[in-house]
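Source file: data.txt (compact mmCIF, C-alpha atoms and all ligand atoms)
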# COMPACT_ATOMS: atom_id res chain seq x y z
CA MET Q 12 26.12 -33.12 -66.05
CA GLN Q 13 25.75 -34.59 -69.55
CA LYS Q 14 28.34 -36.62 -71.44
CA ILE Q 15 28.48 -35.25 -74.97
CA ILE Q 16 30.55 -36.49 -77.91
CA ILE Q 17 31.20 -33.90 -80.61
CA ILE Q 18 32.71 -35.30 -83.81
CA GLY Q 19 34.44 -32.39 -85.54
CA ALA Q 20 35.24 -30.26 -82.50
CA THR Q 21 38.62 -28.79 -83.45
CA SER Q 22 37.42 -25.59 -85.15
CA GLY Q 23 34.40 -23.51 -86.15
CA ILE Q 24 30.94 -24.50 -84.94
CA GLY Q 25 32.09 -27.72 -83.25
CA ARG Q 26 34.75 -25.97 -81.22
CA GLU Q 27 32.30 -23.28 -80.05
CA LEU Q 28 29.78 -25.97 -79.12
CA SER Q 29 32.50 -27.79 -77.14
CA ARG Q 30 33.36 -24.56 -75.31
CA LEU Q 31 29.70 -23.90 -74.49
CA TYR Q 32 29.07 -27.37 -73.11
CA ALA Q 33 32.38 -27.70 -71.25
CA GLY Q 34 31.96 -24.16 -69.87
CA ALA Q 35 28.50 -25.11 -68.57
CA GLY Q 36 30.02 -28.00 -66.60
CA HIS Q 37 29.27 -30.86 -68.99
CA LEU Q 38 31.77 -33.52 -70.00
CA VAL Q 39 32.72 -33.21 -73.68
CA GLY Q 40 34.31 -35.91 -75.83
CA ALA Q 41 35.96 -33.89 -78.60
CA THR Q 42 37.26 -35.36 -81.87
CA GLY Q 43 39.02 -34.23 -85.02
CA ARG Q 44 42.20 -34.92 -86.99
CA ARG Q 45 44.18 -31.96 -85.63
CA GLN Q 46 45.67 -33.22 -82.39
CA GLU Q 47 47.13 -29.83 -81.36
CA LEU Q 48 43.69 -28.19 -81.48
CA LEU Q 49 42.17 -30.99 -79.41
CA TYR Q 50 44.97 -30.51 -76.92
CA SER Q 51 44.33 -26.75 -76.70
CA LEU Q 52 40.69 -27.51 -75.89
CA VAL Q 53 41.80 -29.74 -73.02
CA LEU Q 54 44.05 -26.94 -71.76
CA GLU Q 55 41.07 -24.58 -71.78
CA TYR Q 56 38.78 -26.97 -69.88
CA PRO Q 57 41.06 -29.52 -68.19
CA ASN Q 58 38.34 -31.27 -66.18
CA HIS Q 59 35.65 -31.17 -68.81
CA VAL Q 60 37.18 -32.38 -72.07
CA GLU Q 61 38.33 -35.82 -73.18
CA THR Q 62 39.62 -36.32 -76.71
CA GLU Q 63 40.12 -38.88 -79.43
CA CYS Q 64 42.07 -37.97 -82.56
CA PHE Q 65 40.94 -39.73 -85.76
CA ASP Q 66 39.88 -39.26 -89.34
CA ALA Q 67 36.16 -39.97 -89.64
CA THR Q 68 36.58 -41.20 -93.20
CA GLU Q 69 38.97 -43.98 -92.27
CA LYS Q 70 38.34 -47.45 -90.90
CA GLY Q 71 38.15 -47.70 -87.12
CA MET Q 72 35.82 -44.84 -86.18
CA THR Q 73 33.58 -47.14 -84.11
CA ALA Q 74 36.57 -48.30 -82.04
CA HIS Q 75 37.57 -44.66 -81.47
CA LEU Q 76 34.04 -43.80 -80.35
CA GLU Q 77 33.93 -46.79 -78.00
CA SER Q 78 37.21 -45.63 -76.48
CA LEU Q 79 35.87 -42.08 -76.05
CA VAL Q 80 32.67 -43.33 -74.39
CA GLU Q 81 34.86 -45.25 -71.97
CA LYS Q 82 36.93 -42.14 -71.19
CA LEU Q 83 33.72 -40.16 -70.55
CA GLY Q 84 32.09 -42.93 -68.55
CA GLY Q 85 29.02 -42.98 -70.80
CA MET Q 86 27.27 -40.94 -73.48
CA ASP Q 87 24.05 -38.90 -73.40
CA MET Q 88 24.43 -37.05 -76.69
CA LEU Q 89 26.29 -37.57 -79.96
CA ILE Q 90 26.78 -34.60 -82.29
CA TYR Q 91 28.02 -35.35 -85.81
CA ASN Q 92 29.42 -31.99 -86.82
CA ALA Q 93 32.38 -33.04 -88.99
CA GLY Q 94 31.88 -31.98 -92.57
CA TRP Q 95 33.53 -30.74 -95.68
CA GLY Q 96 32.77 -29.37 -99.12
CA GLU Q 97 34.43 -27.24 -101.73
CA PRO Q 98 32.79 -25.29 -104.55
CA ALA Q 99 34.09 -26.02 -108.07
CA GLU Q 100 33.00 -24.83 -111.49
CA THR Q 101 33.94 -28.19 -113.03
CA LEU Q 102 32.72 -31.57 -111.84
CA ASP Q 103 35.65 -32.73 -109.69
CA TRP Q 104 35.81 -36.43 -108.75
CA ASN Q 105 38.24 -35.88 -105.86
CA ILE Q 106 36.07 -33.19 -104.28
CA ASP Q 107 32.86 -35.18 -104.71
CA LYS Q 108 34.41 -38.39 -103.35
CA ALA Q 109 35.92 -36.64 -100.30
CA THR Q 110 32.61 -34.86 -99.64
CA VAL Q 111 30.60 -38.09 -99.65
CA ASP Q 112 33.24 -39.88 -97.53
CA ILE Q 113 32.91 -37.44 -94.63
CA ASN Q 114 29.32 -36.15 -95.02
CA VAL Q 115 27.64 -39.47 -95.84
CA ASN Q 116 29.81 -42.50 -94.99
CA GLY Q 117 31.39 -41.06 -91.83
CA PHE Q 118 28.02 -39.65 -90.78
CA LEU Q 119 26.30 -43.02 -91.23
CA GLU Q 120 28.87 -44.96 -89.20
CA ALA Q 121 28.77 -42.47 -86.33
CA ILE Q 122 24.99 -42.21 -86.27
CA HIS Q 123 24.58 -45.99 -86.32
CA PHE Q 124 26.98 -46.23 -83.40
CA GLY Q 125 24.99 -43.61 -81.47
CA TRP Q 126 21.60 -45.11 -82.30
CA ARG Q 127 22.65 -48.60 -81.15
CA TYR Q 128 24.12 -47.20 -77.95
CA PHE Q 129 21.10 -45.02 -77.10
CA LEU Q 130 18.63 -47.78 -77.95
CA ALA Q 131 20.38 -50.17 -75.53
CA GLN Q 132 20.58 -47.45 -72.89
CA GLY Q 133 16.95 -46.41 -73.33
CA HIS Q 134 17.66 -42.71 -73.85
CA GLY Q 135 19.90 -40.31 -75.75
CA HIS Q 136 20.08 -37.47 -78.24
CA LEU Q 137 21.54 -37.56 -81.76
CA VAL Q 138 22.42 -34.30 -83.51
CA THR Q 139 23.79 -33.65 -86.98
CA THR Q 140 25.07 -30.41 -88.49
CA SER Q 141 23.54 -30.54 -91.95
CA SER Q 142 23.05 -27.36 -93.99
CA ILE Q 143 20.49 -25.12 -95.60
CA ALA Q 144 22.17 -26.41 -98.80
CA SER Q 145 20.34 -29.69 -98.17
CA ILE Q 146 17.11 -28.19 -99.49
CA ARG Q 147 17.90 -27.87 -103.24
CA GLY Q 148 20.49 -29.02 -105.76
CA ASN Q 149 23.47 -26.75 -106.15
CA ARG Q 150 25.46 -26.12 -109.36
CA VAL Q 151 28.84 -25.36 -107.74
CA SER Q 152 28.78 -28.05 -105.07
CA PRO Q 153 26.31 -30.76 -106.14
CA ALA Q 154 27.87 -33.44 -103.92
CA TYR Q 155 27.81 -31.16 -100.87
CA SER Q 156 24.11 -30.30 -101.16
CA ALA Q 157 23.25 -33.94 -101.96
CA SER Q 158 25.27 -35.18 -98.97
CA LYS Q 159 23.59 -32.72 -96.62
CA SER Q 160 20.23 -33.68 -98.07
CA PHE Q 161 21.10 -37.28 -97.18
CA GLN Q 162 21.76 -36.24 -93.58
CA SER Q 163 18.57 -34.20 -93.22
CA VAL Q 164 16.27 -36.74 -94.86
CA TYR Q 165 17.91 -39.53 -92.85
CA PHE Q 166 17.38 -37.58 -89.65
CA GLU Q 167 13.72 -37.01 -90.42
CA GLY Q 168 13.41 -40.79 -90.77
CA LEU Q 169 15.19 -41.34 -87.46
CA HIS Q 170 13.00 -38.75 -85.79
CA ILE Q 171 9.87 -40.65 -86.82
CA LYS Q 172 11.46 -43.98 -85.84
CA ALA Q 173 12.37 -42.62 -82.39
CA ARG Q 174 8.86 -41.25 -81.81
CA LYS Q 175 7.33 -44.64 -82.62
CA LEU Q 176 9.63 -46.31 -80.09
CA GLY Q 177 8.11 -44.16 -77.37
CA ILE Q 178 11.38 -43.80 -75.45
CA PRO Q 179 13.30 -40.58 -74.71
CA LEU Q 180 15.50 -40.84 -77.81
CA TYR Q 181 15.70 -37.50 -79.64
CA THR Q 182 17.17 -36.27 -82.91
CA THR Q 183 18.01 -32.73 -83.99
CA ASP Q 184 18.82 -31.80 -87.58
CA VAL Q 185 20.74 -28.50 -87.54
CA GLN Q 186 20.65 -26.55 -90.79
CA PRO Q 187 23.00 -23.55 -90.72
CA GLY Q 188 22.98 -20.88 -93.42
CA PHE Q 189 26.38 -19.16 -93.36
CA VAL Q 190 28.59 -19.26 -90.28
CA ASP Q 191 31.92 -17.44 -90.03
CA THR Q 192 34.29 -20.41 -90.20
CA ASN Q 193 36.84 -21.76 -92.63
CA MET Q 194 34.02 -23.41 -94.56
CA ALA Q 195 32.36 -20.08 -95.36
CA LYS Q 196 35.50 -18.15 -96.27
CA GLY Q 197 34.85 -15.21 -98.56
CA ILE Q 198 31.07 -15.22 -98.03
CA ARG Q 199 29.45 -11.94 -96.94
CA PHE Q 200 25.70 -12.64 -96.90
CA TRP Q 201 24.03 -13.14 -93.48
CA VAL Q 202 27.18 -14.66 -91.96
CA ALA Q 203 26.78 -15.40 -88.25
CA PRO Q 204 29.66 -15.59 -85.77
CA ALA Q 205 30.37 -19.20 -84.80
CA ASP Q 206 29.71 -18.58 -81.09
CA LYS Q 207 26.26 -17.15 -81.85
CA ALA Q 208 25.48 -20.15 -84.06
CA ALA Q 209 26.60 -22.51 -81.29
CA ARG Q 210 24.40 -20.77 -78.70
CA GLN Q 211 21.36 -21.11 -80.94
CA ILE Q 212 22.17 -24.78 -81.64
CA LYS Q 213 22.51 -25.53 -77.92
CA LYS Q 214 19.15 -23.89 -77.20
CA ALA Q 215 17.43 -25.87 -79.97
CA ILE Q 216 18.93 -29.09 -78.59
CA GLU Q 217 17.66 -28.22 -75.10
CA LYS Q 218 14.19 -27.69 -76.55
CA LYS Q 219 14.54 -31.06 -78.34
CA ARG Q 220 13.72 -29.49 -81.71
CA TRP Q 221 13.78 -32.06 -84.52
CA ARG Q 222 15.01 -29.42 -86.99
CA VAL Q 223 16.44 -25.94 -86.60
CA TYR Q 224 17.73 -23.26 -88.98
CA ILE Q 225 20.83 -21.36 -87.81
CA THR Q 226 20.67 -18.47 -87.40
CA HIS Q 227 16.92 -18.41 -87.01
CA ARG Q 228 16.31 -15.92 -89.82
CA TRP Q 229 17.53 -18.56 -92.28
CA TRP Q 230 14.09 -20.06 -91.80
CA LEU Q 231 12.96 -17.46 -94.33
CA ILE Q 232 15.52 -18.61 -96.92
CA ALA Q 233 14.54 -22.23 -96.28
CA LYS Q 234 10.90 -21.34 -96.98
CA LEU Q 235 11.91 -19.51 -100.14
CA PHE Q 236 14.10 -22.40 -101.34
CA LYS Q 237 11.22 -24.84 -100.84
CA TRP Q 238 8.66 -22.58 -102.46
CA ILE Q 239 10.54 -21.35 -105.53
CA PRO Q 240 9.38 -23.30 -108.62
CA SER Q 241 11.97 -25.44 -110.42
CA TRP Q 242 11.68 -23.57 -113.73
CA LEU Q 243 12.75 -20.37 -111.96
CA TYR Q 244 15.32 -21.96 -109.60
CA HIS Q 245 17.03 -23.68 -112.53
CA ARG Q 246 17.32 -20.35 -114.34
CA ILE Q 247 18.87 -18.40 -111.44
CA GLY Q 248 20.60 -21.28 -109.54
N1 LIG B 301 30.26 -22.56 -91.95
C1 LIG B 301 29.14 -22.60 -92.64
O1 LIG B 301 28.71 -21.61 -93.23
C2 LIG B 301 28.32 -23.87 -92.65
C3 LIG B 301 27.05 -23.82 -93.24
C4 LIG B 301 26.27 -24.96 -93.26
C5 LIG B 301 26.73 -26.12 -92.69
N2 LIG B 301 27.98 -26.15 -92.13
C6 LIG B 301 28.42 -27.43 -91.55
O2 LIG B 301 28.90 -27.20 -90.25
C7 LIG B 301 29.80 -28.24 -89.88
C8 LIG B 301 31.01 -27.62 -89.20
O3 LIG B 301 31.73 -26.84 -90.14
P1 LIG B 301 32.42 -25.45 -89.79
O4 LIG B 301 31.73 -24.43 -90.59
O5 LIG B 301 32.50 -25.26 -88.33
O6 LIG B 301 33.86 -25.65 -90.48
P2 LIG B 301 35.26 -26.14 -89.89
O7 LIG B 301 35.81 -25.13 -88.96
O8 LIG B 301 36.05 -26.47 -91.10
O9 LIG B 301 34.94 -27.45 -89.05
C9 LIG B 301 34.86 -28.72 -89.63
C10 LIG B 301 35.12 -29.75 -88.54
O10 LIG B 301 34.99 -31.04 -89.13
C11 LIG B 301 36.14 -31.79 -88.84
N3 LIG B 301 36.45 -32.70 -89.95
C12 LIG B 301 36.46 -32.43 -91.28
N4 LIG B 301 36.85 -33.50 -91.97
C13 LIG B 301 37.11 -34.49 -91.06
C14 LIG B 301 37.55 -35.83 -91.15
N5 LIG B 301 37.83 -36.39 -92.34
N6 LIG B 301 37.68 -36.55 -90.02
C15 LIG B 301 37.39 -35.99 -88.81
N7 LIG B 301 36.96 -34.72 -88.64
C16 LIG B 301 36.83 -33.97 -89.76
C17 LIG B 301 37.26 -30.77 -88.68
O11 LIG B 301 38.28 -31.30 -87.85
P3 LIG B 301 39.77 -31.66 -88.37
O12 LIG B 301 40.08 -30.80 -89.53
O13 LIG B 301 40.63 -31.40 -87.17
O14 LIG B 301 39.71 -33.11 -88.69
C18 LIG B 301 36.52 -29.64 -87.97
O15 LIG B 301 36.51 -29.86 -86.58
C19 LIG B 301 30.13 -28.98 -91.18
O16 LIG B 301 29.43 -30.20 -91.19
C20 LIG B 301 29.61 -28.07 -92.27
O17 LIG B 301 29.22 -28.78 -93.41
C21 LIG B 301 28.78 -25.06 -92.10
Could you express the structure from this file as structure tokens?
Amino acid sequence: MQKIIIIGATSGIGRELSRLYAGAGHLVGATGRRQELLYSLVLEYPNHVETECFDATEKGMTAHLESLVEKLGGMDMLIYNAGWGEPAETLDWNIDKATVDINVNGFLEAIHFGWRYFLAQGHGHLVTTSSIASIRGNRVSPAYSASKSFQSVYFEGLHIKARKLGIPLYTTDVQPGFVDTNMAKGIRFWVAPADKAARQIKKAIEKKRWRVYITHRWWLIAKLFKWIPSWLYHRIG
């Protein structure tokens, strides 16, 4: 039985991941700002879910994570799944600031906490839910794609760092395309159900993949995004 903290477990991908892990007999430490949704998760899996309700953009996240580790009796995996972004035609300071607060600053604090803990313990697994949007700049949500790029590039660095340490410390950078959650409302193209996305993420984590595209066919789009020359991308982007 693994002890798994999922930051951003109240809805969408994080909630489905929590269900999968708790349903498989693991102990899940679920977080989010919506207390009632955390509570409903506990009702679903009374012996397999502990919770901590907090805003990952506010001061005190480390104390909340320490408290959750104590409730779980340890930690084997930390999944930073909390995230936000909003498309806008104009450059909106409030959107960009809020995006960076949760996708960069919150991410960094949580991942540092996990890294320190796993290093002291001698093993562990860090996971982040980045995005396929991390690959190129994006006209309607420049801060979102830049923030996810930060996560993915950071995780590649951590992956190399962990390998050099020669201890069983793993990292997985999850890059979803479109998943049917509140964040992808109104999108029709290649949208995967959240439970399917969660199953593929769990499998990739089990295989200790350093990066995975969700669903797998988004690998093709990732290739295309990387390959397409800037002069053409800038014209159609
Ligand atoms: N859906 C997609 O198509 C898609 C594609 C690529 C990447 N992603 C990424 O997947 C991750 C999960 O998103 P989702 O699609 O499952 O959407 P979602 O249902 O909106 O889930 C977002 C999760 O993040 C938590 N969260 C957001 N802001 C927070 C804050 N300030 N403090 C603490 N928790 C916060 C939310 O919990 P509370 O609201 O309860 O705080 C919720 O549990 C995100 O990182 C997103 O960027 C999604």
Residue with the minimum atom-to-atom distance to ligand LIG 301 (chain B), picked from Q:His37, Q:Arg228, Q:Lys196, Q:Lys82 with all atoms listed in the file counted, is Q:Lys196
The residue from Q:Ile225, Q:Leu169, Q:Leu243, Q:Leu89 with the smallest atom-to-atom distance to ligand LIG 301 (chain B), counting all atoms listed in the file, is Q:Ile225
So that each row is one residue of chain Q with an atom at most 7 Å from ligand LIG 301 (chain B), can you give its shortest atom pair and the distance in Å to one decimal, using only C-alpha atoms and all ligand atoms, rows by chain and rising number, as a tab-separated table?
residue	atom	partner	partner_atom	distance
Q:Ile18	CA	B:LIG301	N7	6.5
Q:Gly19	CA	B:LIG301	O15	3.4
Q:Ala20	CA	B:LIG301	O15	4.3
Q:Thr21	CA	B:LIG301	O15	3.9
Q:Ser22	CA	B:LIG301	O7	4.2
Q:Gly23	CA	B:LIG301	O5	3.4
Q:Ile24	CA	B:LIG301	O5	3.8
Q:Gly25	CA	B:LIG301	O5	5.7
Q:Arg26	CA	B:LIG301	O15	6.9
Q:Thr42	CA	B:LIG301	N7	6.8
Q:Gly43	CA	B:LIG301	O14	3.9
Q:Arg44	CA	B:LIG301	O14	3.5
Q:Arg45	CA	B:LIG301	O13	3.9
Q:Phe65	CA	B:LIG301	C15	6.0
Q:Asp66	CA	B:LIG301	N6	3.6
Q:Ala67	CA	B:LIG301	N6	3.8
Q:Thr68	CA	B:LIG301	N5	5.0
Q:Asn92	CA	B:LIG301	O16	4.7
Q:Ala93	CA	B:LIG301	O10	3.3
Q:Gly94	CA	B:LIG301	O16	3.3
Q:Trp95	CA	B:LIG301	O17	5.3
Q:Gly96	CA	B:LIG301	O17	6.7
Q:Ile113	CA	B:LIG301	N5	5.5
Q:Thr140	CA	B:LIG301	O16	5.1
Q:Ser141	CA	B:LIG301	C5	5.5
Q:Ser142	CA	B:LIG301	C4	4.1
Q:Ile143	CA	B:LIG301	C4	6.2
Q:Gln186	CA	B:LIG301	C4	6.3
Q:Pro187	CA	B:LIG301	C4	4.4
Q:Gly188	CA	B:LIG301	C3	5.0
Q:Phe189	CA	B:LIG301	O1	3.4
Q:Val190	CA	B:LIG301	O1	3.8
Q:Asp191	CA	B:LIG301	N1	5.7
Q:Thr192	CA	B:LIG301	O4	4.8
Q:Asn193	CA	B:LIG301	O8	5.0
Q:Met194	CA	B:LIG301	N1	4.7
Q:Ala195	CA	B:LIG301	O1	4.5
Counting all atoms listed in the file, the residue among Q:Trp230, Q:Tyr128, Q:Phe166, Q:Trp242 that lies closest to Q:Met88 is Q:Tyr128
Of Q:Lys159, Q:Arg220, Q:Arg150, Q:Lys14, the one sitting nearest Q:Tyr244 when using all atoms listed in the file is Q:Arg150
Which is closer to Q:Ile146 than all the others in Q:Gln46, Q:Gln211, Q:Ala99, Q:Leu235, using all atoms listed in the file?
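Closest residue, counting all atoms listed in the file: Q:Leu235.
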Exercise. Find the residue from Q:Lys213, Q:Tyr181, Q:Gly135, Q:Thr62 that sits nearest to Q:Glu81; use only C-alpha atoms when measuring.
Key: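 Selected residue with least distance to Q:Glu81: Q:Thr62.
When the distance limit is 8 Å and all atoms listed in the file are what count, the residues near Q:Val223, minus those fewer than 2 positions from it on the same chain, are Thr183, Asp184, Val185, Gln186, Ile212, Ala215, Arg220, Trp221, Ile225 and His227 of chain Q.
What separates atom CA of Q:Arg199 from atom CA of Q:Lys237 is a distance of 22.7 Å.
Here atom CA of Q:Phe200 stands at a distance of 17.2 Å from atom CA of Q:Lys234.
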